[in-house]
$ cat entry29.txt   # compact mmCIF, C-alpha atoms and all ligand atoms
# COMPACT_ATOMS: atom_id res chain seq x y z
CA MET A 64 12.60 141.98 52.63
CA ARG A 65 15.94 140.92 53.99
CA ALA A 66 16.38 137.23 54.80
CA THR A 67 17.84 138.22 58.16
CA GLN A 68 17.31 141.39 60.15
CA VAL A 69 20.32 143.72 60.10
CA ARG A 70 21.05 145.26 63.48
CA PRO A 71 22.32 148.86 63.36
CA THR A 72 25.84 149.10 64.82
CA GLY A 73 25.67 152.87 65.29
CA ILE A 74 28.72 153.26 63.05
CA GLU A 75 28.25 156.07 60.56
CA ARG A 76 29.63 155.70 57.04
CA THR A 77 30.28 158.70 54.81
CA PHE A 78 31.17 159.02 51.18
CA GLY A 79 32.95 161.46 48.91
CA GLU A 80 31.59 164.93 48.08
CA ASN A 81 31.95 164.07 44.40
CA GLU A 82 30.25 160.68 44.61
CA ILE A 83 26.63 160.09 43.63
CA ILE A 84 24.64 157.10 44.84
CA VAL A 85 22.24 156.02 42.10
CA THR A 86 19.42 153.48 42.06
CA LYS A 87 16.49 152.75 39.79
CA THR A 88 13.33 150.84 40.61
CA ASP A 89 10.29 149.40 38.89
CA PRO A 90 6.89 151.04 39.61
CA ARG A 91 6.56 149.05 42.87
CA GLY A 92 9.93 150.16 44.23
CA VAL A 93 11.85 146.97 43.44
CA LEU A 94 15.48 147.71 42.58
CA THR A 95 16.32 147.31 38.89
CA TYR A 96 19.72 149.07 38.99
CA ALA A 97 22.27 150.12 41.59
CA ASN A 98 25.57 151.85 40.84
CA ASP A 99 28.92 150.86 42.32
CA VAL A 100 28.81 153.64 44.89
CA PHE A 101 25.44 152.37 46.19
CA LEU A 102 26.74 148.81 46.41
CA ARG A 103 29.93 149.85 48.22
CA ILE A 104 28.23 152.14 50.76
CA SER A 105 25.38 149.67 51.35
CA ALA A 106 27.75 146.68 51.67
CA LEU A 107 25.69 144.76 49.12
CA THR A 108 26.59 142.88 45.96
CA GLU A 109 24.63 143.59 42.81
CA ASP A 110 22.92 140.19 43.18
CA GLU A 111 21.87 141.02 46.72
CA ALA A 112 20.44 144.42 45.68
CA VAL A 113 18.80 144.08 42.26
CA GLY A 114 15.42 142.35 42.52
CA GLN A 115 14.96 143.41 46.16
CA PRO A 116 12.50 146.08 47.35
CA HIS A 117 14.26 149.40 48.00
CA SER A 118 13.38 148.92 51.66
CA VAL A 119 16.33 146.47 51.74
CA ILE A 120 18.32 149.43 53.12
CA ARG A 121 15.53 150.87 55.30
CA HIS A 122 16.80 152.18 58.62
CA PRO A 123 14.49 151.83 61.66
CA ASP A 124 15.05 155.52 62.55
CA MET A 125 13.35 156.66 59.33
CA PRO A 126 9.79 157.91 59.94
CA ARG A 127 7.03 156.28 57.89
CA ALA A 128 5.67 159.76 57.18
CA VAL A 129 8.74 160.65 55.10
CA PHE A 130 8.28 157.58 52.90
CA LYS A 131 4.58 158.43 52.50
CA LEU A 132 5.63 161.89 51.32
CA LEU A 133 8.16 160.32 48.95
CA TRP A 134 5.68 157.92 47.37
CA ASP A 135 2.77 160.42 47.25
CA THR A 136 5.05 162.90 45.47
CA VAL A 137 6.71 160.66 42.90
CA ARG A 138 3.53 158.71 42.07
CA ASN A 139 2.07 162.11 41.24
CA GLY A 140 4.87 162.64 38.72
CA GLN A 141 6.64 165.23 40.87
CA GLU A 142 10.23 165.12 42.12
CA LEU A 143 11.27 165.13 45.75
CA PHE A 144 14.43 166.04 47.63
CA ALA A 145 14.60 164.36 51.03
CA TYR A 146 17.06 163.60 53.78
CA VAL A 147 17.26 159.87 54.37
CA VAL A 148 19.34 157.66 56.66
CA ASN A 149 19.97 154.21 55.24
CA LEU A 150 21.15 150.98 56.80
CA ALA A 151 23.98 149.07 55.13
CA ALA A 152 24.00 145.29 55.22
CA ASP A 153 26.86 145.34 57.75
CA GLY A 154 24.84 147.50 60.17
CA ALA A 155 26.54 150.85 59.42
CA HIS A 156 24.31 153.79 58.54
CA TYR A 157 24.75 156.64 56.08
CA TRP A 158 22.87 159.90 55.57
CA VAL A 159 22.03 161.18 52.11
CA LEU A 160 20.26 164.08 50.49
CA ALA A 161 18.19 162.16 47.95
CA HIS A 162 16.51 163.33 44.79
CA VAL A 163 13.75 160.93 43.74
CA THR A 164 11.72 161.15 40.56
CA ALA A 165 9.65 159.08 38.14
CA SER A 166 10.99 157.63 34.88
CA THR A 167 8.38 158.01 32.14
CA ASP A 168 7.88 156.60 28.65
CA GLU A 169 7.01 158.58 25.49
CA ALA A 170 3.34 158.62 26.53
CA ASN A 171 4.39 160.10 29.89
CA ARG A 172 3.39 156.94 31.75
CA ILE A 173 5.43 156.07 34.85
CA VAL A 174 7.60 153.04 34.09
CA GLY A 175 9.72 153.20 37.25
CA TYR A 176 11.57 155.59 39.52
CA HIS A 177 15.13 156.67 39.99
CA SER A 178 17.08 158.34 42.72
CA SER A 179 20.45 160.03 43.02
CA ARG A 180 21.94 160.99 46.35
CA ARG A 181 24.72 163.21 47.55
CA LYS A 182 26.53 163.57 50.84
CA PRO A 183 24.50 166.00 52.97
CA ASP A 184 25.80 168.92 55.02
CA PRO A 185 26.38 167.55 58.57
CA ARG A 186 24.60 170.61 60.05
CA ALA A 187 21.49 169.76 58.03
CA VAL A 188 21.66 166.17 59.26
CA THR A 189 21.73 167.35 62.88
CA ALA A 190 18.58 169.42 62.34
CA VAL A 191 16.71 166.75 60.39
CA GLN A 192 17.69 164.05 62.89
CA GLU A 193 15.87 165.98 65.61
CA LEU A 194 12.69 166.19 63.49
CA TYR A 195 12.85 162.51 62.51
CA ARG A 196 13.45 161.49 66.14
CA ARG A 197 10.22 163.26 67.14
CA LEU A 198 8.29 161.68 64.27
CA ARG A 199 9.59 158.19 65.12
CA GLN A 200 8.78 158.70 68.80
CA GLU A 201 5.20 159.56 67.80
CA GLU A 202 4.98 156.49 65.55
CA LEU A 203 6.21 154.19 68.33
CA ARG A 204 3.33 155.33 70.58
CA HIS A 205 0.86 153.53 68.27
CA SER A 206 0.51 149.77 68.04
CA SER A 207 -0.95 149.66 64.52
CA SER A 208 1.03 150.81 61.47
CA PRO A 209 -1.80 152.90 59.94
CA ALA A 210 -2.34 154.74 63.25
CA ALA A 211 1.41 155.33 63.57
CA LEU A 212 1.57 156.75 60.07
CA ASP A 213 -1.50 158.98 60.59
CA ALA A 214 -0.04 160.39 63.79
CA SER A 215 3.43 161.13 62.43
CA TRP A 216 1.98 162.47 59.17
CA ALA A 217 -0.15 164.91 61.21
CA MET A 218 2.92 165.87 63.26
CA LEU A 219 5.00 166.48 60.13
CA GLN A 220 2.25 168.69 58.67
CA ASP A 221 2.01 170.63 61.99
CA VAL A 222 5.76 171.21 62.12
CA LEU A 223 5.81 172.44 58.52
CA THR A 224 2.72 174.64 59.02
CA GLN A 225 4.36 176.21 62.07
CA ARG A 226 7.47 176.90 60.00
CA GLY A 227 5.32 178.16 57.12
CA GLN A 228 7.16 175.79 54.79
CA THR A 229 6.69 172.78 52.56
CA TYR A 230 9.02 169.83 53.17
CA GLU A 231 10.90 170.93 50.05
CA GLU A 232 11.42 174.45 51.42
CA PHE A 233 12.52 172.96 54.75
CA VAL A 234 15.07 170.79 52.91
CA TRP A 235 16.46 173.74 50.97
CA GLU A 236 16.70 175.92 54.03
CA LEU A 237 18.76 173.21 55.74
CA THR A 238 20.83 172.69 52.62
CA ASN A 239 21.65 176.38 52.49
CA GLY A 240 22.70 176.17 56.11
CA SER A 241 20.44 178.91 57.46
CA ALA A 242 18.33 176.70 59.79
CA ALA A 243 20.99 174.26 60.91
C1 LIG B 1 13.53 155.60 43.51
C2 LIG B 1 13.30 155.26 44.97
C3 LIG B 1 14.35 155.37 45.85
C4 LIG B 1 14.18 155.03 47.20
N1 LIG B 1 15.26 155.15 48.02
C5 LIG B 1 15.14 154.71 49.30
C6 LIG B 1 16.27 154.71 50.16
O1 LIG B 1 17.37 155.15 49.80
N2 LIG B 1 16.09 154.22 51.42
C7 LIG B 1 14.90 153.75 51.87
O2 LIG B 1 14.81 153.30 53.02
N3 LIG B 1 13.80 153.77 51.08
C8 LIG B 1 13.90 154.23 49.82
N4 LIG B 1 12.79 154.24 49.01
C9 LIG B 1 11.47 153.94 49.62
C10 LIG B 1 11.19 152.45 49.75
O3 LIG B 1 10.58 152.03 48.54
C11 LIG B 1 10.23 152.18 50.94
O4 LIG B 1 9.04 152.92 50.77
C12 LIG B 1 10.85 152.53 52.29
O5 LIG B 1 12.10 151.90 52.46
C13 LIG B 1 9.94 152.13 53.45
O6 LIG B 1 9.75 150.77 53.44
P1 LIG B 1 8.58 150.08 54.28
O7 LIG B 1 7.30 150.70 53.81
O8 LIG B 1 8.69 148.63 53.94
O9 LIG B 1 8.84 150.40 55.71
C14 LIG B 1 12.92 154.58 47.68
C15 LIG B 1 11.86 154.48 46.76
C16 LIG B 1 12.03 154.83 45.42
C17 LIG B 1 10.87 154.73 44.47
$ encode --input "entry29.txt" --output "structure tokens"
Amino acid sequence: MRATQVRPTGIERTFGENEIIVTKTDPRGVLTYANDVFLRISALTEDEAVGQPHSVIRHPDMPRAVFKLLWDTVRNGQELFAYVVNLAADGAHYWVLAHVTASTDEANRIVGYHSSRRKPDPRAVTAVQELYRRLRQEELRHSSSPAALDASWAMLQDVLTQRGQTYEEFVWELTNGSAA
């Protein structure tokens, strides 16, 4: 949790095509490592990042359903690619195409998670923003968090069923530019 709430300024930050934002977490999602690119883009020092839950950069526009998908997938030992908008400590936001996966020991037990993120195609961001806006709107109709999550999870499944796609296929279609 942040000590003080960061208010989004609406200012978008981008980063280089060749840069990769990397973080690692423990099994509960507490940051154990953040690379220089992460710290710069997130306007955090290493001391402010490491030891904090990864939600330290959570943006209020991100639907809960997407984080449920993320955690369900990686806890299962599978990898996930997802579009995420993050909130820097100075209120700017930045979009990423994130790859998240488990780190395992020799016995294949999950000892933590790691994520690397690249700059997404702006056309993909436009398409995904529209989906996330609908999911967030649905979540905001419910006063309790579990009800909000159930409703947006159901909506996400409906959207994907209608498209005949998994979230992963949806991501790749956007990444290839054909649906954007
Ligand atoms: C390896 C890894 C990377 C993550 N990266 C992000 C991220 O970039 N932004 C984010 O908001 N949440 C990220 N999360 C998810 C957070 O742990 C958390 O579920 C999310 O911010 C929602 O927080 P909340 O449940 O407190 O609302 C990541 C989790 C893991 C395991």
$ closest_atom_pairs --input "entry29.txt" --of "chain A" --to "ligand LIG 1 (chain B)" --cutoff "6 Å" --atoms "only C-alpha atoms and all ligand atoms" --output "JSON lines"
{"residue": "A:Lys87", "atom": "CA", "partner": "B:LIG1", "partner_atom": "C1", "distance": 5.5}
{"residue": "A:Thr88", "atom": "CA", "partner": "B:LIG1", "partner_atom": "C1", "distance": 5.6}
{"residue": "A:Gly92", "atom": "CA", "partner": "B:LIG1", "partner_atom": "C17", "distance": 4.7}
{"residue": "A:His117", "atom": "CA", "partner": "B:LIG1", "partner_atom": "O3", "distance": 4.6}
{"residue": "A:Ser118", "atom": "CA", "partner": "B:LIG1", "partner_atom": "O5", "distance": 3.3}
{"residue": "A:Ile120", "atom": "CA", "partner": "B:LIG1", "partner_atom": "O2", "distance": 5.2}
{"residue": "A:Arg121", "atom": "CA", "partner": "B:LIG1", "partner_atom": "O2", "distance": 3.4}
{"residue": "A:Phe130", "atom": "CA", "partner": "B:LIG1", "partner_atom": "O4", "distance": 5.2}
{"residue": "A:Asn149", "atom": "CA", "partner": "B:LIG1", "partner_atom": "N2", "distance": 5.4}
{"residue": "A:Val163", "atom": "CA", "partner": "B:LIG1", "partner_atom": "C1", "distance": 5.3}
{"residue": "A:Tyr176", "atom": "CA", "partner": "B:LIG1", "partner_atom": "C1", "distance": 4.4}
{"residue": "A:His177", "atom": "CA", "partner": "B:LIG1", "partner_atom": "C1", "distance": 4.0}
{"residue": "A:Ser178", "atom": "CA", "partner": "B:LIG1", "partner_atom": "C1", "distance": 4.6}
$ closest_atom_pairs --input "entry29.txt" --of "stretch 134-203 of chain A" --to "stretch 213-230 of chain A" --cutoff "9 Å" --atoms "all atoms listed in the file" --output "Markdown table"
| residue | atom | partner | partner_atom | distance |
| --- | --- | --- | --- | --- |
| A:Phe144 | CA | A:Tyr230 | CA | 8.6 |
| A:Ala145 | CA | A:Tyr230 | CA | 8.1 |
| A:Leu194 | CA | A:Leu219 | CA | 8.4 |
| A:Arg197 | CA | A:Ser215 | CA | 8.5 |
| A:Leu198 | CA | A:Ser215 | CA | 5.2 |
| A:Arg199 | CA | A:Ser215 | CA | 7.3 |
| A:Gln200 | CA | A:Ser215 | CA | 8.7 |
| A:Glu201 | CA | A:Ser215 | CA | 5.9 |
| A:Glu202 | CA | A:Ser215 | CA | 5.8 |
$ closest_residue --input "entry29.txt" --among "A:Ile173, A:Met125, A:Leu133, A:Val147" --to "A:Arg196" --atoms "only C-alpha atoms"
A:Met125
$ closest_residue --input "entry29.txt" --among "A:Arg70, A:Arg76, A:Arg138, A:His205" --to "A:Val159" --atoms "only C-alpha atoms"
A:Arg76
$ closest_residue --input "entry29.txt" --among "A:Ala155, A:Ile104, A:Arg127, A:Tyr96" --to "A:Ser208" --atoms "all atoms listed in the file"
A:Arg127
$ residues_around --input "entry29.txt" --residues "A:Val119" --least-positions-apart "6" --cutoff "10 Å" --atoms "all atoms listed in the file" --output "list in words"
Met64, Arg65, Ala66, Gln68, Val69, Val93, Leu94, Ser105, Leu107, Glu111, Ala112, Asn149, Leu150, Ala151 and Ala152 of chain A
$ atom_distance --input "entry29.txt" --atom1 "atom CA of A:Glu75" --atom2 "atom CA of A:Asp89"
28.9 Å
$ residues_around --input "entry29.txt" --residues "A:Ile74" --least-positions-apart "3" --cutoff "9 Å" --atoms "all atoms listed in the file" --output "VMD selection string"
chain A and resid 71 154 to 157
$ closest_residue --input "entry29.txt" --among "A:Gly140, A:Ser207, A:Thr86, A:Val174" --to "A:Gln115" --atoms "all atoms listed in the file"
A:Thr86
$ atom_distance --input "entry29.txt" --atom1 "atom CA of A:Ala161" --atom2 "atom CA of A:Lys182"
8.9 Å
$ closest_residue --input "entry29.txt" --among "A:Val148, A:Ala211, A:Leu102, A:Val113" --to "A:Tyr195" --atoms "all atoms listed in the file"
A:Val148
$ atom_distance --input "entry29.txt" --atom1 "atom CA of A:Leu237" --atom2 "atom CA of A:Thr72"
26.7 Å
$ closest_residue --input "entry29.txt" --among "A:Asn81, A:Asn98, A:Thr238, A:Asn171" --to "A:Pro183" --atoms "only C-alpha atoms"
A:Thr238
$ residues_around --input "entry29.txt" --residues "A:Arg180" --least-positions-apart "3" --cutoff "8 Å" --atoms "only C-alpha atoms" --output "ChimeraX atom specification"
/A:83-85,159-162
$ write_last_selection --input "entry29.txt" --atoms "C-alpha atoms" --output "PDB file, keeping the file's coordinate frame"
ATOM      1  CA  ILE A  83      26.630 160.090  43.630  1.00  0.00           C
ATOM      2  CA  ILE A  84      24.640 157.100  44.840  1.00  0.00           C
ATOM      3  CA  VAL A  85      22.240 156.020  42.100  1.00  0.00           C
ATOM      4  CA  VAL A 159      22.030 161.180  52.110  1.00  0.00           C
ATOM      5  CA  LEU A 160      20.260 164.080  50.490  1.00  0.00           C
ATOM      6  CA  ALA A 161      18.190 162.160  47.950  1.00  0.00           C
ATOM      7  CA  HIS A 162      16.510 163.330  44.790  1.00  0.00           C
TER       8      HIS A 162
END
$ closest_atom_pairs --input "entry29.txt" --of "stretch 99-173 of chain A" --to "stretch 186-193 of chain A" --cutoff "9 Å" --atoms "only C-alpha atoms" --output "Markdown table"
| residue | atom | partner | partner_atom | distance |
| --- | --- | --- | --- | --- |
| A:Asp124 | CA | A:Gln192 | CA | 8.9 |
| A:Tyr146 | CA | A:Val191 | CA | 7.3 |
| A:Trp158 | CA | A:Val188 | CA | 7.4 |
| A:Val159 | CA | A:Val188 | CA | 8.7 |
$ axis_aligned_box --input "entry29.txt" --around "stretch 72-79 of chain A" --padding-each-side "8 Å" --output "lines of an AutoDock Vina configuration file"
center_x = 29.3
center_y = 155.3
center_z = 57.1
size_x = 23.3
size_y = 28.4
size_z = 32.4
$ decode --input "entry29.txt" --residues "stretch 99-164 of chain A" --atoms "C-alpha atoms" --output "PDB file, in the first residue's frame"
ATOM      1  CA  ASP A  99      16.349   0.831 -13.550  1.00  0.00           C
ATOM      2  CA  VAL A 100      13.802   1.209 -16.335  1.00  0.00           C
ATOM      3  CA  PHE A 101      10.968   0.291 -13.931  1.00  0.00           C
ATOM      4  CA  LEU A 102      12.224   2.761 -11.332  1.00  0.00           C
ATOM      5  CA  ARG A 103      12.584   5.582 -13.870  1.00  0.00           C
ATOM      6  CA  ILE A 104       9.186   5.080 -15.530  1.00  0.00           C
ATOM      7  CA  SER A 105       7.419   4.562 -12.178  1.00  0.00           C
ATOM      8  CA  ALA A 106       9.151   7.573 -10.559  1.00  0.00           C
ATOM      9  CA  LEU A 107      10.206   5.407  -7.619  1.00  0.00           C
ATOM     10  CA  THR A 108      13.521   4.822  -5.909  1.00  0.00           C
ATOM     11  CA  GLU A 109      14.641   1.263  -5.279  1.00  0.00           C
ATOM     12  CA  ASP A 110      13.911   1.750  -1.563  1.00  0.00           C
ATOM     13  CA  GLU A 111      10.385   2.906  -2.329  1.00  0.00           C
ATOM     14  CA  ALA A 112       9.720  -0.086  -4.612  1.00  0.00           C
ATOM     15  CA  VAL A 113      11.421  -3.164  -3.155  1.00  0.00           C
ATOM     16  CA  GLY A 114       9.472  -4.544  -0.195  1.00  0.00           C
ATOM     17  CA  GLN A 115       6.185  -3.032  -1.428  1.00  0.00           C
ATOM     18  CA  PRO A 116       3.301  -5.031  -2.922  1.00  0.00           C
ATOM     19  CA  HIS A 117       3.279  -4.822  -6.732  1.00  0.00           C
ATOM     20  CA  SER A 118       0.001  -2.939  -6.413  1.00  0.00           C
ATOM     21  CA  VAL A 119       2.168   0.088  -5.500  1.00  0.00           C
ATOM     22  CA  ILE A 120       1.791   1.046  -9.181  1.00  0.00           C
ATOM     23  CA  ARG A 121      -1.846  -0.058  -9.563  1.00  0.00           C
ATOM     24  CA  HIS A 122      -3.870   2.320 -11.718  1.00  0.00           C
ATOM     25  CA  PRO A 123      -7.563   2.801 -10.817  1.00  0.00           C
ATOM     26  CA  ASP A 124      -8.559   2.212 -14.481  1.00  0.00           C
ATOM     27  CA  MET A 125      -7.310  -1.393 -14.343  1.00  0.00           C
ATOM     28  CA  PRO A 126     -10.173  -3.900 -14.017  1.00  0.00           C
ATOM     29  CA  ARG A 127      -9.988  -6.341 -11.108  1.00  0.00           C
ATOM     30  CA  ALA A 128     -10.888  -9.127 -13.541  1.00  0.00           C
ATOM     31  CA  VAL A 129      -7.565  -8.734 -15.370  1.00  0.00           C
ATOM     32  CA  PHE A 130      -5.599  -9.145 -12.130  1.00  0.00           C
ATOM     33  CA  LYS A 131      -7.689 -12.211 -11.261  1.00  0.00           C
ATOM     34  CA  LEU A 132      -6.760 -13.667 -14.649  1.00  0.00           C
ATOM     35  CA  LEU A 133      -3.100 -12.804 -14.011  1.00  0.00           C
ATOM     36  CA  TRP A 134      -2.969 -14.450 -10.587  1.00  0.00           C
ATOM     37  CA  ASP A 135      -5.090 -17.498 -11.560  1.00  0.00           C
ATOM     38  CA  THR A 136      -2.769 -18.099 -14.527  1.00  0.00           C
ATOM     39  CA  VAL A 137       0.628 -17.666 -12.890  1.00  0.00           C
ATOM     40  CA  ARG A 138      -0.323 -19.502  -9.677  1.00  0.00           C
ATOM     41  CA  ASN A 139      -1.171 -22.389 -11.979  1.00  0.00           C
ATOM     42  CA  GLY A 140       2.385 -22.296 -13.311  1.00  0.00           C
ATOM     43  CA  GLN A 141       1.343 -20.850 -16.676  1.00  0.00           C
ATOM     44  CA  GLU A 142       2.585 -17.637 -18.271  1.00  0.00           C
ATOM     45  CA  LEU A 143       0.416 -14.696 -19.214  1.00  0.00           C
ATOM     46  CA  PHE A 144       0.722 -11.794 -21.627  1.00  0.00           C
ATOM     47  CA  ALA A 145      -1.501  -8.875 -20.656  1.00  0.00           C
ATOM     48  CA  TYR A 146      -1.991  -5.213 -21.391  1.00  0.00           C
ATOM     49  CA  VAL A 147      -1.663  -3.181 -18.220  1.00  0.00           C
ATOM     50  CA  VAL A 148      -1.775   0.536 -17.442  1.00  0.00           C
ATOM     51  CA  ASN A 149       0.317   1.493 -14.442  1.00  0.00           C
ATOM     52  CA  LEU A 150       0.397   4.582 -12.262  1.00  0.00           C
ATOM     53  CA  ALA A 151       3.754   6.216 -11.545  1.00  0.00           C
ATOM     54  CA  ALA A 152       4.365   7.854  -8.186  1.00  0.00           C
ATOM     55  CA  ASP A 153       4.145  11.307  -9.794  1.00  0.00           C
ATOM     56  CA  GLY A 154       0.661  10.570 -11.180  1.00  0.00           C
ATOM     57  CA  ALA A 155       1.685   9.860 -14.802  1.00  0.00           C
ATOM     58  CA  HIS A 156       0.484   6.617 -16.358  1.00  0.00           C
ATOM     59  CA  TYR A 157       2.151   4.207 -18.770  1.00  0.00           C
ATOM     60  CA  TRP A 158       0.828   1.294 -20.809  1.00  0.00           C
ATOM     61  CA  VAL A 159       2.757  -1.940 -21.135  1.00  0.00           C
ATOM     62  CA  LEU A 160       2.421  -5.327 -22.756  1.00  0.00           C
ATOM     63  CA  ALA A 161       3.457  -7.486 -19.816  1.00  0.00           C
ATOM     64  CA  HIS A 162       4.672 -11.050 -19.722  1.00  0.00           C
ATOM     65  CA  VAL A 163       4.227 -12.557 -16.255  1.00  0.00           C
ATOM     66  CA  THR A 164       5.403 -15.980 -15.152  1.00  0.00           C
TER      67      THR A 164
END
